[in-house]
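**Q** Pasting data.cif here (mmCIF, C-alpha atoms):
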```cif
data_run
loop_
_atom_site.label_atom_id
_atom_site.label_comp_id
_atom_site.auth_asym_id
_atom_site.auth_seq_id
_atom_site.Cartn_x
_atom_site.Cartn_y
_atom_site.Cartn_z
CA MET A 9 4.65 -135.52 -135.64
CA PHE A 10 2.33 -138.46 -135.33
CA GLN A 11 -1.21 -139.51 -135.91
CA LYS A 12 -3.97 -140.00 -133.37
CA PHE A 13 -4.41 -143.61 -132.38
CA ALA A 14 -7.50 -145.60 -131.58
CA PRO A 15 -6.23 -147.47 -128.49
CA LYS A 16 -9.24 -149.80 -128.24
CA MET A 17 -8.48 -151.18 -131.72
CA LEU A 18 -4.79 -151.79 -131.20
CA GLY A 19 -4.90 -154.78 -128.88
CA VAL A 20 -2.18 -155.68 -126.38
CA ALA A 21 0.50 -156.39 -128.97
CA GLY A 22 -0.24 -153.22 -130.91
CA ALA A 23 -0.19 -151.10 -127.75
CA ALA A 24 3.15 -152.57 -126.71
CA THR A 25 4.60 -151.82 -130.13
CA CYS A 26 3.31 -148.24 -129.92
CA ALA A 27 4.81 -147.83 -126.49
CA LEU A 28 8.22 -148.59 -127.92
CA ALA A 29 7.99 -146.49 -131.07
CA LEU A 30 4.98 -144.41 -131.95
CA SER A 31 6.20 -143.84 -135.47
CA ALA A 32 6.03 -147.57 -136.15
CA CYS A 33 2.31 -147.51 -135.46
CA GLN A 34 1.23 -145.08 -138.15
CA ASP A 35 -0.64 -147.78 -140.05
CA GLN A 36 -2.84 -148.36 -137.01
CA ALA A 37 -3.91 -144.73 -136.74
CA SER A 38 -7.57 -143.91 -136.82
CA SER A 39 -8.76 -142.40 -140.07
CA GLY A 40 -9.96 -139.22 -138.35
CA GLY A 41 -6.69 -138.50 -136.52
CA GLY A 42 -4.48 -135.55 -137.35
CA ALA A 43 -0.84 -134.82 -136.63
CA ARG A 44 0.14 -133.09 -133.37
CA ASP A 45 3.14 -130.76 -133.43
CA TYR A 46 2.94 -129.40 -129.88
CA ILE A 47 3.51 -130.76 -126.38
CA SER A 48 0.46 -131.72 -124.31
CA ALA A 49 0.58 -131.73 -120.50
CA VAL A 50 -2.21 -132.29 -117.99
CA GLY A 51 -2.58 -132.51 -114.22
CA SER A 52 -1.89 -130.61 -111.04
CA SER A 53 -3.20 -127.07 -110.57
CA THR A 54 -0.24 -126.46 -108.26
CA VAL A 55 2.30 -127.41 -110.94
CA TYR A 56 0.30 -125.60 -113.64
CA PRO A 57 1.81 -122.10 -113.20
CA PHE A 58 5.33 -123.54 -113.18
CA ALA A 59 4.68 -125.64 -116.28
CA THR A 60 3.13 -122.64 -118.02
CA ALA A 61 6.18 -120.48 -117.28
CA VAL A 62 8.47 -123.23 -118.60
CA GLY A 63 6.32 -123.58 -121.72
CA GLU A 64 6.68 -119.89 -122.52
CA LYS A 65 10.48 -120.00 -122.06
CA PHE A 66 10.68 -123.18 -124.13
CA ALA A 67 8.71 -121.70 -127.04
CA GLU A 68 10.78 -118.51 -126.96
CA ALA A 69 14.10 -120.37 -126.91
CA THR A 70 13.32 -123.08 -129.48
CA GLY A 71 10.73 -121.58 -131.81
CA ASN A 72 8.44 -124.54 -131.14
CA LYS A 73 4.77 -124.06 -130.46
CA THR A 74 3.84 -123.19 -126.87
CA PRO A 75 2.81 -126.40 -125.04
CA LYS A 76 -0.87 -126.95 -124.29
CA ILE A 77 -1.15 -127.36 -120.53
CA ASP A 78 -4.44 -128.27 -118.84
CA SER A 79 -5.14 -127.91 -115.12
CA THR A 80 -7.17 -131.06 -114.45
CA GLY A 81 -5.95 -132.02 -110.99
CA THR A 82 -3.34 -134.68 -110.35
CA GLY A 83 -5.76 -137.62 -110.32
CA GLY A 84 -7.54 -136.48 -113.46
CA GLY A 85 -4.20 -135.88 -115.13
CA PHE A 86 -2.98 -139.41 -114.46
CA GLU A 87 -6.26 -140.81 -115.77
CA ARG A 88 -5.75 -139.08 -119.12
CA PHE A 89 -1.99 -139.72 -119.20
CA CYS A 90 -2.46 -143.44 -118.58
CA ALA A 91 -5.17 -143.88 -121.24
CA GLY A 92 -2.60 -145.01 -123.83
CA VAL A 93 0.02 -143.78 -126.28
CA GLY A 94 -0.43 -141.64 -129.38
CA GLY A 95 -1.42 -138.16 -130.42
CA ASP A 96 -4.72 -138.15 -128.55
CA THR A 97 -3.02 -138.75 -125.20
CA PRO A 98 -0.86 -136.33 -123.15
CA ASP A 99 2.92 -136.43 -123.18
CA ILE A 100 3.32 -135.23 -119.59
CA ALA A 101 1.40 -135.56 -116.33
CA ASN A 102 2.01 -132.79 -113.79
CA ALA A 103 1.58 -134.02 -110.23
CA SER A 104 1.54 -132.61 -106.71
CA ARG A 105 2.05 -136.10 -105.29
CA ARG A 106 3.82 -139.23 -106.42
CA ILE A 107 2.07 -141.55 -108.86
CA LYS A 108 0.22 -144.37 -107.09
CA LYS A 109 0.86 -148.04 -107.80
CA LYS A 110 -2.67 -148.51 -109.14
CA GLU A 111 -2.15 -145.58 -111.54
CA PHE A 112 1.19 -146.96 -112.67
CA ASP A 113 -0.44 -150.36 -113.28
CA SER A 114 -3.28 -148.70 -115.20
CA CYS A 115 -0.69 -147.03 -117.43
CA ALA A 116 1.01 -150.35 -118.09
CA ALA A 117 -2.29 -152.08 -118.87
CA ASN A 118 -2.99 -149.43 -121.52
CA GLY A 119 0.41 -149.74 -123.18
CA VAL A 120 2.20 -146.91 -121.36
CA LYS A 121 5.12 -149.12 -120.40
CA GLU A 122 7.88 -146.60 -119.71
CA ILE A 123 7.30 -143.53 -117.53
CA VAL A 124 10.02 -141.09 -116.52
CA GLU A 125 9.56 -139.58 -113.05
CA ILE A 126 11.17 -136.19 -112.42
CA GLN A 127 10.83 -134.37 -109.11
CA ILE A 128 10.85 -130.70 -110.03
CA GLY A 129 10.95 -129.30 -106.50
CA ILE A 130 9.13 -128.97 -103.20
CA ASP A 131 5.91 -127.26 -102.24
CA GLY A 132 3.88 -126.88 -99.06
CA ILE A 133 0.22 -127.49 -98.29
CA ALA A 134 -0.66 -124.02 -97.05
CA LEU A 135 -3.63 -122.82 -95.06
CA GLY A 136 -4.41 -119.15 -95.48
CA GLU A 137 -6.94 -116.55 -94.42
CA ALA A 138 -7.88 -113.07 -95.59
CA SER A 139 -5.54 -110.26 -94.56
CA ARG A 140 -8.26 -109.03 -92.21
CA GLY A 141 -8.97 -112.53 -90.85
CA PRO A 142 -8.95 -113.37 -87.13
CA GLY A 143 -5.36 -114.64 -87.09
CA PHE A 144 -5.69 -118.41 -86.79
CA LYS A 145 -2.92 -120.50 -85.22
CA LEU A 146 -3.67 -124.19 -85.61
CA THR A 147 -2.33 -127.67 -84.99
CA GLU A 148 -2.91 -130.67 -87.24
CA GLU A 149 -5.24 -132.02 -84.54
CA ASP A 150 -7.32 -128.81 -84.61
CA VAL A 151 -7.76 -129.17 -88.36
CA TYR A 152 -8.64 -132.85 -88.04
CA LYS A 153 -11.25 -132.25 -85.35
CA ALA A 154 -12.80 -129.46 -87.41
CA LEU A 155 -12.93 -131.17 -90.82
CA ALA A 156 -13.02 -134.94 -90.29
CA ALA A 157 -16.43 -136.49 -90.96
CA ASN A 158 -16.08 -138.80 -87.97
CA PRO A 159 -13.22 -137.66 -85.73
CA TYR A 160 -11.96 -140.59 -83.67
CA GLY A 161 -14.90 -142.66 -84.92
CA LYS A 162 -17.71 -140.36 -83.74
CA PRO A 163 -19.91 -138.04 -85.87
CA ASN A 164 -18.54 -134.51 -86.06
CA THR A 165 -20.78 -132.03 -84.22
CA ALA A 166 -18.36 -129.07 -84.07
CA LYS A 167 -19.80 -125.93 -85.64
CA THR A 168 -17.23 -123.30 -84.61
CA TRP A 169 -13.48 -123.37 -84.19
CA LYS A 170 -14.02 -122.73 -80.48
CA ASP A 171 -15.92 -126.04 -80.32
CA VAL A 172 -12.73 -127.69 -81.55
CA ASN A 173 -10.33 -125.85 -79.24
CA PRO A 174 -11.39 -123.29 -76.58
CA ALA A 175 -8.36 -121.17 -77.49
CA LEU A 176 -9.60 -120.65 -81.07
CA PRO A 177 -12.01 -117.96 -82.35
CA ALA A 178 -15.75 -118.52 -81.96
CA VAL A 179 -16.36 -118.30 -85.70
CA ALA A 180 -18.03 -120.87 -87.94
CA ILE A 181 -15.83 -123.61 -89.38
CA SER A 182 -15.56 -122.77 -93.07
CA VAL A 183 -12.76 -124.06 -95.28
CA PHE A 184 -12.48 -123.74 -99.06
CA GLY A 185 -10.30 -126.39 -100.64
CA PRO A 186 -9.50 -128.53 -103.66
CA PRO A 187 -11.64 -131.44 -104.97
CA SER A 188 -10.89 -135.13 -104.50
CA THR A 189 -9.20 -135.30 -107.94
CA SER A 190 -6.47 -132.93 -106.74
CA GLY A 191 -3.03 -133.95 -105.52
CA THR A 192 -3.29 -131.09 -103.03
CA TYR A 193 -6.39 -132.78 -101.60
CA ASP A 194 -4.54 -136.11 -101.26
CA ALA A 195 -1.50 -134.46 -99.69
CA PHE A 196 -3.66 -132.45 -97.28
CA LYS A 197 -5.36 -135.62 -96.08
CA GLU A 198 -2.06 -137.43 -95.62
CA LEU A 199 0.12 -134.65 -94.17
CA ILE A 200 -2.37 -132.66 -92.11
CA LEU A 201 -5.51 -134.72 -91.40
CA GLY A 202 -3.67 -138.02 -90.99
CA THR A 203 -1.09 -136.52 -88.66
CA GLY A 204 -3.80 -134.84 -86.60
CA CYS A 205 -5.72 -138.09 -86.32
CA ASP A 206 -2.62 -140.04 -85.24
CA ALA A 207 -2.04 -137.57 -82.41
CA ASN A 208 -4.58 -139.80 -80.68
CA PRO A 209 -2.85 -143.02 -79.43
CA GLU A 210 -5.93 -145.15 -80.19
CA MET A 211 -5.98 -143.99 -83.79
CA LYS A 212 -2.27 -144.64 -84.16
CA ALA A 213 -2.83 -148.16 -82.87
CA LEU A 214 -5.78 -148.61 -85.24
CA LYS A 215 -3.43 -147.98 -88.17
CA ALA A 216 -1.57 -151.18 -87.32
CA SER A 217 -4.66 -153.30 -86.58
CA ASP A 218 -7.09 -152.14 -89.28
CA ALA A 219 -5.55 -149.93 -91.97
CA ASP A 220 -8.80 -149.51 -93.93
CA LYS A 221 -10.80 -148.40 -90.90
CA HIS A 222 -7.95 -146.10 -89.91
CA GLU A 223 -7.93 -144.44 -93.33
CA ALA A 224 -11.71 -143.96 -93.32
CA THR A 225 -11.68 -142.52 -89.80
CA CYS A 226 -8.68 -140.29 -90.33
CA THR A 227 -9.11 -138.93 -93.83
CA ALA A 228 -12.84 -138.76 -94.67
CA LEU A 229 -13.83 -135.08 -94.86
CA ARG A 230 -17.17 -133.61 -93.87
CA GLY A 231 -18.99 -131.63 -96.52
CA ALA A 232 -20.45 -128.14 -96.89
CA PRO A 233 -20.65 -125.73 -95.17
CA TYR A 234 -17.57 -126.92 -93.28
CA TYR A 235 -15.41 -128.08 -96.19
CA VAL A 236 -16.38 -126.69 -99.58
CA GLU A 237 -14.67 -127.92 -102.76
CA GLN A 238 -13.72 -125.16 -105.21
CA GLY A 239 -12.62 -127.12 -108.25
CA GLU A 240 -9.17 -127.03 -109.82
CA ASN A 241 -8.82 -123.27 -109.51
CA ASP A 242 -6.76 -122.05 -106.57
CA ASN A 243 -7.36 -118.44 -107.60
CA LEU A 244 -11.05 -118.99 -106.87
CA ILE A 245 -10.15 -119.91 -103.29
CA ILE A 246 -8.18 -116.66 -102.98
CA SER A 247 -11.23 -114.64 -104.07
CA LYS A 248 -13.51 -116.61 -101.71
CA LEU A 249 -11.30 -115.69 -98.75
CA ASP A 250 -11.46 -112.03 -99.65
CA LYS A 251 -15.25 -112.19 -99.49
CA ASN A 252 -15.33 -114.47 -96.41
CA PRO A 253 -12.69 -113.14 -93.97
CA THR A 254 -13.36 -115.70 -91.23
CA SER A 255 -12.95 -118.66 -93.63
CA LEU A 256 -9.76 -120.59 -94.40
CA GLY A 257 -8.39 -121.81 -97.71
CA ILE A 258 -6.16 -124.74 -98.67
CA PHE A 259 -3.72 -124.45 -101.59
CA GLY A 260 -0.10 -124.83 -102.57
CA PHE A 261 2.50 -122.46 -101.10
CA SER A 262 3.14 -120.84 -104.47
CA TYR A 263 -0.41 -119.45 -104.54
CA LEU A 264 -0.05 -118.12 -101.01
CA ASP A 265 3.26 -116.52 -101.91
CA ALA A 266 1.86 -114.98 -105.09
CA ASN A 267 -1.12 -113.48 -103.25
CA LYS A 268 0.45 -112.28 -100.00
CA ASP A 269 -1.05 -108.85 -100.61
CA LYS A 270 -4.52 -110.41 -100.20
CA ILE A 271 -4.07 -113.31 -97.78
CA LYS A 272 -1.87 -114.33 -94.88
CA ALA A 273 -0.50 -117.69 -93.85
CA VAL A 274 -1.92 -119.75 -91.00
CA PRO A 275 0.86 -121.32 -88.89
CA ILE A 276 0.63 -125.07 -88.19
CA GLN A 277 2.28 -126.25 -84.98
CA GLY A 278 3.66 -122.73 -84.64
CA VAL A 279 5.46 -122.88 -88.00
CA ALA A 280 4.36 -120.67 -90.90
CA PRO A 281 4.60 -121.99 -94.49
CA THR A 282 7.65 -120.03 -95.65
CA TYR A 283 10.18 -120.91 -98.34
CA ALA A 284 12.82 -121.72 -95.71
CA ALA A 285 10.52 -123.78 -93.45
CA ILE A 286 9.24 -125.88 -96.36
CA ALA A 287 12.75 -126.36 -97.77
CA ASP A 288 14.19 -127.64 -94.49
CA GLY A 289 11.14 -129.76 -93.65
CA SER A 290 10.25 -127.96 -90.42
CA TYR A 291 6.85 -126.99 -91.82
CA PRO A 292 4.46 -129.96 -91.36
CA GLY A 293 2.89 -129.72 -94.83
CA SER A 294 5.98 -130.06 -97.07
CA ARG A 295 5.53 -132.23 -100.18
CA PRO A 296 7.37 -133.01 -103.46
CA LEU A 297 6.16 -131.94 -106.91
CA PHE A 298 6.67 -134.01 -110.06
CA ILE A 299 6.31 -134.23 -113.78
CA TYR A 300 5.89 -137.63 -115.47
CA VAL A 301 7.00 -138.05 -119.07
CA LYS A 302 5.73 -140.68 -121.50
CA LYS A 303 9.01 -142.05 -122.84
CA ALA A 304 7.34 -143.44 -125.96
CA HIS A 305 6.60 -139.86 -127.05
CA VAL A 306 10.20 -138.63 -126.68
CA GLY A 307 11.76 -138.17 -130.10
CA VAL A 308 8.32 -138.17 -131.72
CA VAL A 309 6.65 -135.11 -130.23
CA PRO A 310 8.71 -132.10 -131.33
CA GLY A 311 10.76 -130.60 -128.51
CA LEU A 312 9.63 -132.90 -125.68
CA ALA A 313 13.16 -133.63 -124.45
CA GLU A 314 14.03 -129.92 -124.74
CA PHE A 315 10.94 -128.97 -122.71
CA VAL A 316 12.03 -131.32 -119.92
CA ALA A 317 15.53 -129.81 -120.00
CA GLU A 318 14.01 -126.32 -119.74
CA PHE A 319 11.92 -127.43 -116.76
CA LEU A 320 15.01 -128.73 -114.98
CA LYS A 321 16.83 -125.48 -115.74
CA GLY A 322 14.02 -123.32 -114.38
CA ALA A 323 13.62 -125.51 -111.28
CA GLY A 324 17.30 -125.49 -110.39
CA ASP A 325 18.97 -123.44 -107.68
CA GLY A 326 18.63 -119.81 -108.76
CA GLY A 327 16.25 -120.77 -111.59
CA TYR A 328 13.37 -118.54 -112.64
CA LEU A 329 10.77 -120.87 -111.09
CA ASN A 330 12.16 -120.05 -107.63
CA THR A 331 10.78 -116.54 -107.95
CA LYS A 332 7.36 -118.07 -108.64
CA GLY A 333 7.35 -120.01 -105.38
CA LEU A 334 8.87 -123.35 -106.41
CA ILE A 335 11.24 -124.54 -103.69
CA VAL A 336 14.46 -126.19 -104.83
CA SER A 337 14.87 -129.91 -104.07
CA PRO A 338 17.80 -131.08 -101.90
CA LYS A 339 20.92 -131.65 -104.01
CA ASP A 340 20.70 -135.46 -104.03
CA VAL A 341 17.07 -135.32 -105.17
CA ALA A 342 17.83 -132.65 -107.77
CA ASP A 343 20.77 -134.70 -109.11
CA LYS A 344 18.55 -137.79 -109.42
CA ALA A 345 15.90 -135.75 -111.25
CA ALA A 346 18.48 -134.31 -113.64
CA ALA A 347 19.82 -137.78 -114.40
CA ALA A 348 16.32 -139.13 -115.06
CA GLY A 349 15.44 -136.17 -117.28
CA THR A 350 18.65 -136.32 -119.27
CA GLY A 351 18.76 -140.09 -119.71
CA MET A 352 14.97 -140.55 -119.80
CA THR A 353 15.31 -143.34 -117.26
CA ALA A 354 12.02 -145.20 -116.78
CA LEU A 355 10.52 -145.49 -113.31
CA ASN A 356 10.58 -148.87 -111.56
CA GLY A 357 7.04 -149.30 -110.29
CA ALA A 358 8.00 -151.90 -107.69
CA GLU A 359 8.71 -149.19 -105.11
CA LEU A 360 5.34 -147.45 -105.46
CA LYS A 361 2.49 -147.74 -102.98
#
```
How does this structure look as structure tokens?
**A**
Amino acid sequence: MFQKFAPKMLGVAGAATCALALSACQDQASSGGGARDYISAVGSSTVYPFATAVGEKFAEATGNKTPKIDSTGTGGGFERFCAGVGGDTPDIANASRRIKKKEFDSCAANGVKEIVEIQIGIDGIALGEASRGPGFKLTEEDVYKALAANPYGKPNTAKTWKDVNPALPAVAISVFGPPSTSGTYDAFKELILGTGCDANPEMKALKASDADKHEATCTALRGAPYYVEQGENDNLIISKLDKNPTSLGIFGFSYLDANKDKIKAVPIQGVAPTYAAIADGSYPGSRPLFIYVKKAHVGVVPGLAEFVAEFLKGAGDGGYLNTKGLIVSPKDVADKAAAAGTGMTALNGAELK
């Protein structure tokens, strides 16, 4: 167990010392801090149900307290994770995308010098509609034309899906999705919107000539009533679809799979988001899921290494997380994750973008 720290009072040298061994920094603890004897994880709403299931198994098997897991969104999770080391900062960041270079650098600047990256599996960015919905079949370009603020550099005037593509239903464009702090939001923009935008040769060429303009044109979303953020609660999107049967929702595959009695998948490029299609990469919206571990907290926070081991066990081929919608990583990726989790090998930030 360890005390809460006051990062602003530590200074660079103190933060570096804490990053190496939290227990050596007890004398720098704030007077109001108390000991923490449980694991703290924050981040992705997509990873949340998997982390929660692992936490319950971990507590049952070890007798440790059940970890406290907050669904803050990937971006919000990294912000809290990278704030520093000590009892008032999380041990783990759950993420539905890879950590960005600027986030990694922010961690380092705040004394979080060693971060262990573990890919826990694969997920898909799924689009779904109510069971009684019109039966959408979309392409990435359809989605881009419907939701981009300025498709191909011009203001978006489309009001119905038929305006986007004459073959689509003449119903109002209405999509419920995650907020900008969500990894699902980032992945949706990259995997679906970006791909749809680049279907246009001029936009693809713009990527090479003016990357910033390309990103703004290809990934800026229009607002309500066309795209409506629903916070970090994918279950809220499910309930919205039930009440709005001509609307679409965006969420991770696991939520679609867990609610298939209420909603149905929307195929993209003729491929539905199924376990098999996401696993083999044929579904356009496949993406990796991660947990990031603060190495300085390992050996100080009770059971942290054991929790990571339990996560790897549950995420493995035939593991209990498979039944909850987590798709197993390819063997080479799974082996790398197991090695990182066992050896607590710190991530080299040089390869990040």
**Q** With only C-alpha atoms counted and 7 Å as the cut-off, give the residues of region 69-176 of chain A in contact with region 285-295 of chain A, each with its shortest interatomic distance in Å and the pair that gives it, as a tab-separated table.
**A**
```
residue	atom	partner	partner_atom	distance
A:Ile130	CA	A:Arg295	CA	5.7
A:Asp131	CA	A:Arg295	CA	5.4
A:Gly132	CA	A:Ser294	CA	4.3
A:Ile133	CA	A:Gly293	CA	4.9
```
**Q** Give as a ChimeraX atom specification the residues that the PyMOL selection byres ((chain A and resi 190) around 10) matches when applied to the coordinates above.
**A** /A:51-54,79-85,103-105,185-189,191-196,239-240
**Q** Keeping only C-alpha atoms, write the selected residues as a tab-separated table (two decimals), keeping the file's coordinate frame.
**A**
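This went into again_27.tsv:
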```
chain	number	residue	atom	x	y	z
A	51	GLY	CA	-2.58	-132.51	-114.22
A	52	SER	CA	-1.89	-130.61	-111.04
A	53	SER	CA	-3.20	-127.07	-110.57
A	54	THR	CA	-0.24	-126.46	-108.26
A	79	SER	CA	-5.14	-127.91	-115.12
A	80	THR	CA	-7.17	-131.06	-114.45
A	81	GLY	CA	-5.95	-132.02	-110.99
A	82	THR	CA	-3.34	-134.68	-110.35
A	83	GLY	CA	-5.76	-137.62	-110.32
A	84	GLY	CA	-7.54	-136.48	-113.46
A	85	GLY	CA	-4.20	-135.88	-115.13
A	103	ALA	CA	1.58	-134.02	-110.23
A	104	SER	CA	1.54	-132.61	-106.71
A	105	ARG	CA	2.05	-136.10	-105.29
A	185	GLY	CA	-10.30	-126.39	-100.64
A	186	PRO	CA	-9.50	-128.53	-103.66
A	187	PRO	CA	-11.64	-131.44	-104.97
A	188	SER	CA	-10.89	-135.13	-104.50
A	189	THR	CA	-9.20	-135.30	-107.94
A	191	GLY	CA	-3.03	-133.95	-105.52
A	192	THR	CA	-3.29	-131.09	-103.03
A	193	TYR	CA	-6.39	-132.78	-101.60
A	194	ASP	CA	-4.54	-136.11	-101.26
A	195	ALA	CA	-1.50	-134.46	-99.69
A	196	PHE	CA	-3.66	-132.45	-97.28
A	239	GLY	CA	-12.62	-127.12	-108.25
A	240	GLU	CA	-9.17	-127.03	-109.82
```
**Q** Using only C-alpha atoms, which of the listed residues (A:Asp250, A:Leu355, A:Ala67, A:Glu210) sits closest to Lys303 (chain A)?
**A** A:Leu355
**Q** Could you tell me which residues the PyMOL selection byres ((chain A and resi 138) around 10) returns for this structure, as JSON, numbers by chain?
**A** {"A": [136, 137, 139, 140, 141, 142, 143, 246, 247, 248, 249, 250, 251, 252, 253, 254, 255, 256, 257, 268, 269, 270, 271, 272, 273]}
**Q** What does the distance between CA of Phe298 (chain A) and CA of Cys115 (chain A) come to in Å, to one decimal place?
**A**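 So the two atoms, CA of Phe298 (chain A) and CA of Cys115 (chain A), lie 16.7 Å apart.
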**Q** What does the distance between CA of Gly231 (chain A) and CA of Ile181 (chain A) come to in Å, to one decimal place?
**A** 11.2 Å
**Q** Name the residues in contact with Ala59 (chain A) at a cut-off of 12 Å, using only C-alpha atoms, excluding same-chain residues fewer than 5 positions from it; report them as a PyMOL selection string.
**A** chain A and resi 47-54+64-66+74-79+100-103+128+297-299+315-316+318-320+322-323+328-329+332+334
